[in-house]
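Peer 1: Just so it is clear, I am handing over upload_7.cif, which has mmCIF, C-alpha atoms.
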```
data_coords
loop_
_atom_site.label_atom_id
_atom_site.label_comp_id
_atom_site.auth_asym_id
_atom_site.auth_seq_id
_atom_site.Cartn_x
_atom_site.Cartn_y
_atom_site.Cartn_z
CA MET A 1 118.96 7.24 -134.88
CA ARG A 2 120.75 4.52 -132.95
CA LEU A 3 119.02 1.36 -134.16
CA ALA A 4 120.39 -1.33 -136.46
CA GLU A 5 118.53 -2.01 -139.73
CA GLU A 6 117.91 -5.58 -138.59
CA SER A 7 116.32 -4.33 -135.34
CA LYS A 8 114.08 -1.95 -137.28
CA ARG A 9 112.92 -4.84 -139.42
CA VAL A 10 112.20 -6.99 -136.36
CA ILE A 11 110.21 -4.15 -134.78
CA ARG A 12 108.15 -3.56 -137.94
CA ASP A 13 107.45 -7.27 -138.46
CA THR A 14 106.52 -7.87 -134.83
CA ALA A 15 104.20 -4.84 -134.82
CA ARG A 16 102.38 -6.13 -137.90
CA GLU A 17 102.12 -9.60 -136.40
CA ILE A 18 100.37 -8.22 -133.33
CA PHE A 19 98.60 -5.06 -134.45
CA GLY A 20 97.82 -5.94 -138.06
CA PRO A 21 99.38 -5.13 -141.45
CA ALA A 22 98.45 -1.43 -141.32
CA ALA A 23 100.40 -0.74 -138.12
CA GLU A 24 102.97 2.02 -138.42
CA VAL A 25 105.79 2.21 -135.84
CA ARG A 26 107.65 5.36 -134.91
CA LEU A 27 110.73 5.61 -132.76
CA PHE A 28 110.94 8.57 -130.41
CA GLY A 29 112.88 9.51 -127.30
CA SER A 30 116.55 9.07 -126.47
CA ARG A 31 117.39 6.56 -129.22
CA LEU A 32 116.98 9.36 -131.76
CA ASP A 33 119.88 11.19 -130.16
CA ASP A 34 123.06 9.98 -131.88
CA ALA A 35 125.22 11.50 -129.16
CA ALA A 36 123.50 9.65 -126.30
CA ARG A 37 124.26 6.07 -125.26
CA GLY A 38 121.98 3.18 -124.38
CA GLY A 39 118.57 4.28 -123.23
CA ASP A 40 115.05 2.95 -123.40
CA LEU A 41 113.39 2.01 -126.63
CA ASP A 42 110.38 4.33 -126.97
CA LEU A 43 107.92 3.24 -129.63
CA LEU A 44 104.67 4.71 -130.87
CA VAL A 45 102.36 2.36 -132.76
CA VAL A 46 99.89 4.24 -134.97
CA LEU A 47 96.80 2.39 -136.16
CA PRO A 48 94.26 3.56 -138.75
CA GLU A 49 91.42 1.56 -137.15
CA PRO A 50 90.33 1.21 -133.50
CA LEU A 51 92.01 -1.74 -131.80
CA ALA A 52 90.36 -4.07 -129.29
CA GLU A 53 92.45 -5.22 -126.33
CA SER A 54 95.15 -2.68 -126.91
CA PRO A 55 96.60 -2.90 -123.35
CA ARG A 56 97.08 -6.65 -123.63
CA LYS A 57 98.49 -6.48 -127.15
CA SER A 58 101.06 -3.90 -126.24
CA LEU A 59 102.30 -6.23 -123.46
CA THR A 60 102.66 -9.03 -126.01
CA PHE A 61 104.49 -6.68 -128.37
CA VAL A 62 107.05 -5.75 -125.70
CA ALA A 63 107.54 -9.38 -124.60
CA ARG A 64 108.25 -10.56 -128.15
CA LEU A 65 110.61 -7.68 -128.82
CA GLN A 66 112.51 -8.44 -125.64
CA ARG A 67 112.94 -12.03 -126.75
CA ARG A 68 113.89 -11.12 -130.32
CA LEU A 69 116.05 -8.03 -129.73
CA GLY A 70 117.41 -8.85 -126.28
CA ASP A 71 116.20 -7.90 -122.86
CA GLN A 72 115.92 -4.13 -122.56
CA HIS A 73 113.54 -1.48 -121.32
CA ILE A 74 110.84 -0.83 -123.92
CA ASP A 75 107.95 1.62 -123.67
CA VAL A 76 105.11 1.43 -126.14
CA LEU A 77 102.30 3.88 -126.84
CA VAL A 78 99.43 2.73 -129.01
CA LEU A 79 97.48 5.40 -130.84
CA ASP A 80 94.30 4.47 -132.65
CA PRO A 81 91.46 6.80 -133.72
CA LEU A 82 89.64 6.30 -130.38
CA THR A 83 92.64 6.89 -128.08
CA PRO A 84 92.15 10.14 -126.13
CA ARG A 85 95.11 12.23 -127.32
CA GLN A 86 97.45 13.33 -124.61
CA PRO A 87 100.53 15.54 -124.72
CA VAL A 88 102.77 12.46 -124.79
CA HIS A 89 101.08 11.30 -128.01
CA GLU A 90 101.51 14.71 -129.64
CA HIS A 91 105.15 14.72 -128.62
CA ALA A 92 105.74 11.21 -129.98
CA MET A 93 103.95 12.04 -133.25
CA ARG A 94 105.98 15.20 -133.73
CA GLN A 95 109.34 13.76 -132.77
CA GLY A 96 108.87 10.17 -133.94
CA VAL A 97 110.67 8.76 -136.97
CA THR A 98 108.84 6.05 -138.88
CA LEU A 99 110.66 2.72 -138.89
CA MET B 1 131.33 -23.10 -104.44
CA THR B 2 127.97 -22.69 -102.86
CA GLY B 3 127.72 -18.93 -102.50
CA THR B 4 128.74 -16.52 -99.81
CA SER B 5 127.35 -18.25 -96.76
CA GLY B 6 128.33 -21.81 -97.60
CA VAL B 7 124.65 -22.76 -97.72
CA GLN B 8 123.98 -25.75 -99.93
CA PRO B 9 122.12 -25.03 -103.19
CA LEU B 10 119.10 -27.09 -102.18
CA GLU B 11 118.73 -25.33 -98.82
CA ARG B 12 119.08 -22.00 -100.53
CA PHE B 13 116.34 -22.92 -103.00
CA LEU B 14 114.05 -24.15 -100.20
CA SER B 15 114.55 -21.03 -98.12
CA THR B 16 113.69 -18.90 -101.17
CA MET B 17 110.53 -21.00 -101.58
CA GLN B 18 109.68 -19.98 -98.00
CA THR B 19 110.15 -16.33 -98.88
CA VAL B 20 108.02 -16.60 -102.01
CA SER B 21 105.26 -18.40 -100.16
CA ARG B 22 105.13 -15.57 -97.60
CA GLU B 23 105.03 -13.02 -100.39
CA GLY B 24 102.25 -15.06 -101.99
CA LEU B 25 100.25 -14.98 -98.79
CA HIS B 26 100.39 -11.20 -98.67
CA LEU B 27 99.76 -10.78 -102.37
CA ALA B 28 96.73 -13.10 -102.16
CA TYR B 29 95.28 -10.93 -99.38
CA SER B 30 95.72 -7.73 -101.42
CA TRP B 31 94.40 -9.43 -104.54
CA ARG B 32 91.19 -10.58 -102.80
CA ARG B 33 90.57 -7.14 -101.33
CA LEU B 34 91.28 -5.26 -104.54
CA TYR B 35 89.03 -7.36 -106.75
CA GLU B 36 86.10 -7.42 -104.34
CA GLU B 37 84.60 -4.53 -106.30
CA PRO B 38 84.27 -4.38 -110.07
CA ILE B 39 87.08 -2.21 -111.42
CA ASP B 40 86.44 0.31 -114.17
CA ALA B 41 87.33 3.90 -115.00
CA ALA B 42 84.78 5.25 -112.48
CA TRP B 43 86.33 3.11 -109.73
CA VAL B 44 89.74 4.61 -110.54
CA GLN B 45 88.33 8.13 -110.52
CA ASN B 46 86.86 7.54 -107.06
CA LEU B 47 90.22 6.58 -105.58
CA ASP B 48 90.91 10.16 -104.51
CA ASP B 49 87.92 9.99 -102.19
CA ARG B 50 88.71 6.53 -100.89
CA PRO B 51 92.17 6.56 -99.36
CA ASP B 52 91.78 3.04 -97.97
CA LEU B 53 91.28 1.64 -101.47
CA ALA B 54 94.14 3.73 -102.84
CA GLU B 55 96.38 2.30 -100.15
CA GLY B 56 95.18 -1.22 -100.94
CA LEU B 57 95.96 -0.65 -104.62
CA GLU B 58 99.44 0.55 -103.76
CA ALA B 59 100.04 -2.55 -101.64
CA PHE B 60 98.76 -4.80 -104.40
CA VAL B 61 101.02 -3.29 -107.06
CA SER B 62 104.03 -3.46 -104.82
CA ARG B 63 103.37 -7.06 -103.74
CA PHE B 64 102.70 -8.13 -107.33
CA GLY B 65 106.07 -6.68 -108.33
CA ARG B 66 107.91 -8.09 -105.35
CA MET B 67 106.71 -11.66 -105.86
CA GLN B 68 107.59 -11.42 -109.55
CA ASP B 69 111.08 -10.17 -108.73
CA THR B 70 111.75 -12.80 -106.11
CA ILE B 71 110.61 -15.62 -108.39
CA GLY B 72 112.36 -14.31 -111.52
CA GLU B 73 115.59 -13.01 -110.03
CA LYS B 74 116.10 -15.34 -107.07
CA LEU B 75 113.93 -18.43 -106.99
CA LEU B 76 114.31 -19.60 -110.60
CA PRO B 77 118.11 -19.15 -110.74
CA ARG B 78 118.47 -20.86 -107.36
CA TRP B 79 116.28 -23.70 -108.51
CA LEU B 80 118.46 -24.17 -111.60
CA ILE B 81 121.54 -24.18 -109.37
CA ALA B 82 119.92 -26.78 -107.14
CA LEU B 83 119.47 -28.88 -110.29
CA ALA B 84 123.23 -28.47 -110.92
CA GLU B 85 122.62 -26.18 -113.86
CA THR B 86 124.28 -22.84 -114.56
CA PRO B 87 121.86 -19.94 -114.66
CA GLY B 88 122.28 -17.27 -117.33
CA SER B 89 120.41 -14.10 -118.22
CA MET B 90 116.79 -13.66 -117.15
CA ILE B 91 115.46 -14.69 -120.57
CA GLU B 92 117.82 -17.69 -120.80
CA ASN B 93 116.60 -18.83 -117.39
CA LEU B 94 112.96 -18.37 -118.36
CA ASN B 95 113.49 -20.41 -121.53
CA ARG B 96 115.10 -23.19 -119.52
CA VAL B 97 112.33 -23.14 -116.94
CA GLU B 98 109.75 -23.30 -119.72
CA ARG B 99 111.48 -26.36 -121.18
CA LEU B 100 111.42 -27.98 -117.75
CA GLY B 101 107.65 -27.48 -117.72
CA VAL B 102 107.39 -25.10 -114.77
CA LEU B 103 106.63 -22.01 -116.83
CA THR B 104 103.83 -22.27 -119.38
CA ASN B 105 105.05 -19.48 -121.57
CA VAL B 106 108.09 -17.18 -121.48
CA ASP B 107 106.19 -14.42 -123.26
CA ARG B 108 103.53 -14.37 -120.58
CA TRP B 109 106.17 -13.93 -117.91
CA LEU B 110 107.70 -11.00 -119.79
CA GLU B 111 104.22 -9.55 -120.31
CA ALA B 112 103.57 -9.67 -116.57
CA ARG B 113 106.88 -7.90 -115.95
CA GLN B 114 105.96 -5.19 -118.45
CA LEU B 115 102.52 -4.85 -116.88
CA ARG B 116 104.13 -4.37 -113.50
CA ASN B 117 106.37 -1.61 -114.94
CA ARG B 118 103.33 0.04 -116.43
CA LEU B 119 101.48 -0.10 -113.11
CA ILE B 120 104.42 1.36 -111.19
CA HIS B 121 105.20 4.28 -113.47
CA GLU B 122 102.72 7.04 -113.92
CA TYR B 123 103.58 7.10 -117.60
CA MET B 124 100.52 7.98 -119.68
CA LYS B 125 97.89 6.84 -117.27
CA THR B 126 94.21 7.61 -117.71
CA PRO B 127 91.45 6.08 -115.54
CA GLU B 128 90.56 3.85 -118.51
CA THR B 129 94.09 2.53 -119.05
CA LEU B 130 94.71 1.99 -115.35
CA ALA B 131 91.42 0.10 -115.01
CA ALA B 132 92.30 -2.05 -118.04
CA ASP B 133 95.76 -2.79 -116.62
CA LEU B 134 94.32 -3.77 -113.25
CA LEU B 135 91.95 -6.22 -114.89
CA LEU B 136 94.94 -7.74 -116.69
CA ALA B 137 96.94 -7.90 -113.45
CA ARG B 138 94.22 -9.98 -111.86
CA GLU B 139 94.91 -12.75 -114.38
CA TYR B 140 98.69 -12.39 -114.52
CA CYS B 141 98.77 -12.83 -110.73
CA ARG B 142 97.43 -16.34 -111.17
CA ASP B 143 100.53 -17.21 -113.19
CA LEU B 144 102.76 -16.43 -110.23
CA PHE B 145 100.84 -18.84 -108.03
CA THR B 146 100.84 -21.50 -110.75
CA THR B 147 104.60 -21.18 -111.13
CA TYR B 148 105.10 -21.53 -107.39
CA SER B 149 102.85 -24.54 -107.23
CA ARG B 150 104.57 -26.28 -110.16
CA LEU B 151 107.97 -25.70 -108.59
CA ARG B 152 106.69 -27.18 -105.36
CA ASP B 153 105.36 -30.24 -107.19
CA TYR B 154 108.63 -30.60 -109.09
CA ALA B 155 110.66 -30.41 -105.89
CA ILE B 156 108.51 -33.04 -104.21
CA THR B 157 108.31 -35.48 -107.11
CA ARG B 158 111.68 -35.02 -108.84
CA MET B 159 114.03 -33.68 -106.20
CA SER B 160 112.87 -35.89 -103.33
CA VAL B 161 112.06 -32.94 -101.11
CA SER B 162 109.60 -33.86 -98.40
CA GLN B 163 106.30 -31.99 -98.40
CA VAL B 164 106.86 -30.70 -94.88
CA GLU B 165 109.92 -28.78 -96.02
CA LEU B 166 107.86 -26.88 -98.55
CA PRO B 167 105.42 -24.23 -97.42
CA GLU B 168 101.73 -24.67 -98.08
CA LEU B 169 100.51 -23.02 -101.18
CA ALA B 170 98.75 -19.69 -100.84
CA THR B 171 95.63 -19.44 -102.95
CA LEU B 172 93.94 -16.51 -104.58
CA GLY B 173 90.47 -17.85 -104.04
CA THR B 174 87.77 -17.58 -106.59
CA ASN B 175 86.83 -13.91 -106.57
CA SER B 176 85.19 -13.14 -109.86
#
```
Do you think you could lay out the structure here as structure tokens?
Peer 2:
Amino acid sequence: MRLAEESKRVIRDTAREIFGPAAEVRLFGSRLDDAARGGDLDLLVVLPEPLAESPRKSLTFVARLQRRLGDQHIDVLVLDPLTPRQPVHEHAMRQGVTL
Amino acid sequence: MTGTSGVQPLERFLSTMQTVSREGLHLAYSWRRLYEEPIDAAWVQNLDDRPDLAEGLEAFVSRFGRMQDTIGEKLLPRWLIALAETPGSMIENLNRVERLGVLTNVDRWLEARQLRNRLIHEYMKTPETLAADLLLAREYCRDLFTTYSRLRDYAITRMSVSQVELPELATLGTNS
């Protein structure tokens, strides 16, 4: 995984700030590949309870991360018990490493 | 140095204001048309049978993105240059513009940019998520017009630019 410990901490803290203390964040996609360089930050946020206003909150999450970690391309998927599961969620769950 | 064409920083800023005001005019048109009907998942599902609406949606998304780009990447840096400042990265510029009172909130600007990326890419889109994003875009659009209007006011009151040099403000109207 190509992500500094400090960045992982910032991501976890920011996720809890916005999605609540039970939010779990997983990293998936190209940043898991140690041989690759650069690349988007692909994050899956898993929530045990349904979340109101998830589209707006994921925008806030990305904006704060861009300010705290530096401007970069970040994609976020939010998965709560009511989210209709799609292949991309299954993929992110399978591949994702908890931060 | 004043850039490639020898244009003075203030002129360059004013001509970019012209560009943004034209973009605002076209975005306002698409905005009013798009939000004439209530948008929900069923509306999104019907798009396949209503090519005119689908085309209008496409125009809206593209105009929303274009106005954002022109303001963020051209207008704000050129404004800072016209104030004899040195622009930096996008986020540095946004922070500076926020301190100068033209931008209410840097986070909101970055949120609008992320929303635009989400609207452009087909990544994980269901009728429900697209409808939710379009309802958000309606509000984030207002921020673009507010930013333009604050810059115009700033230029008139603090930079001694005459009103006639600055294009009239496009408005979104009050569609609800």
Peer 1: Apply the PyMOL selection byres ((chain B) within 6 of (chain A)) to the displayed file and report the matching residues as a PyMOL selection string.
Peer 2: chain B and resi 107+110-111
Peer 1: Those same residues, written as a JSON list (two decimals), in the frame of the given file with C-alpha atoms?
Peer 2:
```json
[["chain", "number", "residue", "atom", "x", "y", "z"],
["B", 107, "ASP", "CA", 106.19, -14.42, -123.26],
["B", 110, "LEU", "CA", 107.70, -11.00, -119.79],
["B", 111, "GLU", "CA", 104.22, -9.55, -120.31]]
```
Peer 1: Assuming the chain letters and numbering stay as they are in my file, what does the PyMOL selection byres ((chain B and resi 152) around 12) actually select? List them as a ChimeraX atom specification.
Peer 2: /B:13-14,16-18,20-21,75-76,79,102,145-151,153-170
Peer 1: Quick one: residues within 7 Å of B:Arg116, all atoms listed in the file, excluding same-chain residues fewer than 4 positions away - as a PyMOL selection string?
Peer 2: chain B and resi 65+112+120
Peer 1: So which residues get picked by the PyMOL selection byres ((chain A and resi 2) around 6) here, written as a short mmCIF file (atom, residue, chain, number, x, y, z; two decimals) with C-alpha atoms, keeping the file's coordinate frame?
Peer 2:
```cif
data_model
loop_
_atom_site.label_atom_id
_atom_site.label_comp_id
_atom_site.auth_asym_id
_atom_site.auth_seq_id
_atom_site.Cartn_x
_atom_site.Cartn_y
_atom_site.Cartn_z
CA MET A 1 118.96 7.24 -134.88
CA LEU A 3 119.02 1.36 -134.16
CA ARG A 31 117.39 6.56 -129.22
#
```
Peer 1: Pick from B:Glu11, B:Asp40, B:Glu98, B:Glu85: nearest to B:Pro127, with all atoms listed in the file counted?
Peer 2: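 Selected residue with least distance to B:Pro127: B:Asp40.
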Peer 1: Which one of B:Asn117, B:Thr129, B:Gly24, B:Asn93 sits closest to B:Arg142 if you count only C-alpha atoms?
Peer 2: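 The answer is B:Gly24, which sits nearest to B:Arg142.
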